[in-house]
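Everything on this sheet refers to the single structure shown next.
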Amino acid sequence: MSLRFRLSILVCAVLLLSLALGSLFAYSNAVRSVRTEMHAALLVGRQTVEIAIERLSNNADLSRDLGQLVASFQGNRHLRIRLDGAKPAAVAPVDEHSRFGQMPTWFVRIIGGAPQSQRISVEIGGRNYGAVVLETDPYNETLEVWNEFTNSLITPALCCLLSVLVIYLFIGRTLRPLERLADALEEVGDGSFRTRISDRLPPELSRLRDSFNRMAARLAETDEDRRRLHEQLLTLQEQERGDLARDLHDEVSPFLFAVNADAATASRLLADGRSLEAAEHVQSIIDAVAHIQRQVRRMLGRLRPVGLADLGLAAATENIVSFWRRRYPHIGYHASVSAECEGLPEIIGTTICRVVQEALSNAVRHADAKIVSIIVERHRDVSGGAEAINVVVADDGHGMDGEARIGYGLMGLSERIAALGGHLTFANRPGEGFAVNAVLPDPQRLVVLSPVEQRAAL
């Protein structure tokens, strides 16, 4: 059942209740009025008969005069007169007609009530001439009530019907913006985030319209961010694949070719009995394999932090620092990983390692830094009171130029951390240097992902 129909039914019920209460009040007044009128008619009739009997005491033909007395009530609207005696006579009111059709008998019964009667004995000069019987007939009086009631009911009934019709149309017009809002919500549900509502509305609905427009605008921004993130992820994937392909081509493929050549040469030399010369080629194979192992370990370290699963976050962080310490030994590295940060979910630990790896790489390659500090610790969020993981990588280099563009690495980290419910900030430090600060949510409030989803997020 629609809201419009429900409201119309409610209004109709209120109007019907008002009519019922009005009808009850009118019924009470009508009953009192009819019965008062019947009582007065009966009283007046009795007095008329008694006075007439006193005047007839000196008449010679009393039977004829009593008949005339009964006939004198001809035209009375409320009394039936009957003479019981030697010469009986009777007079009854003439039933009037209603302009609104035949009056129901149940209406006469509940309004007029039962007829009342009185019997007046006629004794003159010690002789009994019978009795005059007076009986009320409430039909005509009730008919007046029926006419008044019907006449007074038609106007309110028409007004009620007109009111219900007007209210039904008005409610339909009022609810039309809600229908428009429902259609707009369906459009948003189908992915059309550019939908807006611009209709002029009353204050109560204008707030709903403004809230919907803000929601749609935020959904449009979120959808745009999602599309942009997808494009960035594709770009980062292509870059990562390109780097891996280049490393395999430049670092692994030549040494594999060399291993193959040395193995073929050593096999031929051994077949010729030249074992000393073959030993030199075998040593070359060993050196080439060792180089390939180092390159594969380095590529695996880029794909997944070394030591994170087996040794913990502190060891994985130290492996990252050691990688750069061997290449840039003149830079001072200070790493501090709180013991409370050990045992974190893999997706959180991997994200922390990615932050350290990207920020440290930028610091040693671009910042011309002398000291780089790394801090990983738990802290309590002052605003919400919940614990979070704080990762800070800061250097004392020359900082970032105001016109410099943020690279894909930091942008990808920002999106990765935002997907986990955290946030990433980076800016020049007061004085000199640059700092990257990542805040990750408390692992207890982190949504648990399936292994497939974790690998996709990583």
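Numbering starts fresh at 1 for the residues of each chain in the structure tokens, the chains themselves are lettered A, B, ... in the order given, and ligands are numbered from 1 as they appear.
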Interface rows for segment 66-177 of chain A against segment 187-207 of chain A: nearest pair, Å to one decimal, 10 Å, only C-alpha atoms, as CSV:
residue,atom,partner,partner_atom,distance
A:Thr174,CA,A:Leu201,CA,9.1
A:Leu175,CA,A:Leu205,CA,9.8
A:Pro177,CA,A:Leu201,CA,7.6
Write the residues you've just listed into a file as a CSV table (one decimal), in the first residue's frame, and include C-alpha atoms for each of them.
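Just written: again-v3.csv:
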chain,number,residue,atom,x,y,z
A,174,THR,CA,3.8,16.7,-2.3
A,175,LEU,CA,5.2,13.2,-2.7
A,177,PRO,CA,9.7,15.0,-5.2
TODO: Return as an MDAnalysis selection string the full set of residues in segment 65-101 of chain A whose backbone-based DSSP assignment is alpha helix (DSSP H).
DONE: chainID A and resid 65:71
Restrict the selected residues to C-alpha atoms and save them as a compact mmCIF listing (two decimals), in the first residue's frame.
# COMPACT_ATOMS: atom_id res chain seq x y z
CA ASP A 65 -70.61 16.16 21.28
CA LEU A 66 -67.96 13.63 22.29
CA GLY A 67 -67.66 12.61 18.62
CA GLN A 68 -67.19 16.23 17.67
CA LEU A 69 -64.54 16.53 20.40
CA VAL A 70 -62.61 13.66 18.85
CA ALA A 71 -63.05 15.14 15.38
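For the atom pair formed by atom CA of Gly112 of chain A and atom CA of Glu37 of chain A, the distance is 10.0 Å, given to one decimal.
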Task: Long-range neighbours of segment 279-281 of chain A as a list in words, 8 Å cut-off, only C-alpha atoms, 2 positions minimum in chain - done: Asp262, Ala263, Thr265, Ala266, Ser275, Leu276, Glu277, Gln283, Ser284 and Ile285 of chain A
For the residues in the current selection, export N, CA and C atoms as a tab-separated table (two decimals), in the first residue's frame.
chain	number	residue	atom	x	y	z
A	262	ASP	N	79.66	-22.20	-20.90
A	262	ASP	CA	80.71	-22.82	-20.09
A	262	ASP	C	80.44	-24.30	-19.88
A	263	ALA	N	79.16	-24.67	-19.69
A	263	ALA	CA	78.85	-26.08	-19.48
A	263	ALA	C	79.17	-26.89	-20.74
A	265	THR	N	81.38	-26.09	-23.03
A	265	THR	CA	82.84	-26.14	-23.19
A	265	THR	C	83.47	-27.12	-22.21
A	266	ALA	N	83.02	-27.08	-20.94
A	266	ALA	CA	83.57	-28.00	-19.93
A	266	ALA	C	83.28	-29.44	-20.31
A	275	SER	N	90.98	-31.92	-18.08
A	275	SER	CA	90.22	-31.63	-16.86
A	275	SER	C	90.61	-30.30	-16.23
A	276	LEU	N	91.89	-29.91	-16.34
A	276	LEU	CA	92.30	-28.64	-15.73
A	276	LEU	C	91.60	-27.46	-16.42
A	277	GLU	N	91.57	-27.50	-17.73
A	277	GLU	CA	90.90	-26.43	-18.44
A	277	GLU	C	89.39	-26.46	-18.18
A	283	GLN	N	84.29	-23.37	-12.66
A	283	GLN	CA	84.33	-22.26	-11.71
A	283	GLN	C	83.57	-21.05	-12.25
A	284	SER	N	83.69	-20.84	-13.54
A	284	SER	CA	82.92	-19.74	-14.16
A	284	SER	C	81.41	-19.99	-14.02
A	285	ILE	N	81.03	-21.26	-14.18
A	285	ILE	CA	79.60	-21.59	-14.00
A	285	ILE	C	79.17	-21.29	-12.57
Task: Contacts of segment 360-366 of chain A within 8 Å, only C-alpha atoms, excl. fewer than 2 positions in-chain, as a list of chain:residue names - done: A:Val321, A:Trp324, A:Tyr328, A:Ile331, A:Val356, A:Gln357, A:Glu358, A:Asp368, A:Ala369, A:Val372, A:Val393, A:Asp395, A:Gly397
Restricting the output to C-alpha atoms, write the selected residues as a compact mmCIF listing (two decimals), in the first residue's frame.
# COMPACT_ATOMS: atom_id res chain seq x y z
CA VAL A 321 68.25 -0.70 5.22
CA TRP A 324 70.90 0.70 0.72
CA TYR A 328 75.35 4.29 0.01
CA ILE A 331 74.66 7.89 4.78
CA VAL A 356 60.01 2.14 4.24
CA GLN A 357 61.31 0.85 0.90
CA GLU A 358 59.81 3.67 -1.20
CA ASP A 368 71.29 14.16 -0.93
CA ALA A 369 70.72 13.23 2.72
CA VAL A 372 67.85 8.92 7.37
CA VAL A 393 60.75 7.98 7.38
CA ASP A 395 65.85 12.66 6.18
CA GLY A 397 68.26 16.36 2.77
Task: Close residues, Val392 of chain A itself excluded, 8 Å, only C-alpha atoms, min 2 positions apart in chain, as a ChimeraX atom specification - done: /A:373-376,390,394,435-438
- [ ] Tell me which of A:Arg241, A:Arg64, A:Arg46, A:His97 sits closest to Arg80 of chain A, counting only C-alpha atoms.
- [x] A:Arg46
Task: One-decimal distance in Å that lies between atom CA of Leu248 of chain A and atom CA of Gln293 of chain A - done: 11.8 Å
Open item on the list: At a cut-off of 9 Å, using only C-alpha atoms, what residues contact Val91 of chain A? Leave out same-chain residues fewer than 3 positions from it and give the result as an MDAnalysis selection string.
Closed with: chainID A and resid 70:76 79:82
Expected file contents, prior selection, C-alpha atoms, as a short mmCIF file (atom, residue, chain, number, x, y, z; two decimals), in the first residue's frame:
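In the end it all went to selection21.cif:
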data_model
loop_
_atom_site.label_atom_id
_atom_site.label_comp_id
_atom_site.auth_asym_id
_atom_site.auth_seq_id
_atom_site.Cartn_x
_atom_site.Cartn_y
_atom_site.Cartn_z
CA VAL A 70 -62.61 13.66 18.85
CA ALA A 71 -63.05 15.14 15.38
CA SER A 72 -61.67 18.47 16.59
CA PHE A 73 -58.23 16.80 16.79
CA GLN A 74 -58.27 16.27 13.04
CA GLY A 75 -55.00 17.69 11.67
CA ASN A 76 -53.01 17.14 14.86
CA LEU A 79 -51.65 12.48 18.62
CA ARG A 80 -54.01 9.63 17.83
CA ILE A 81 -57.46 10.17 19.47
CA ARG A 82 -59.89 7.31 20.04
#
- [ ] Using DSSP on the backbone, list every residue of segment 226-392 of chain A that comes out as strand (DSSP E or B), and give them as a list in words.
- [x] Gly332, Tyr333, His334, Ala335, Ser336, Val337, Ile371, Val372, Ser373, Ile374, Ile375, Val376, Glu377, Arg378, His379, Arg380, Glu387, Ala388, Ile389, Asn390, Val391 and Val392 of chain A
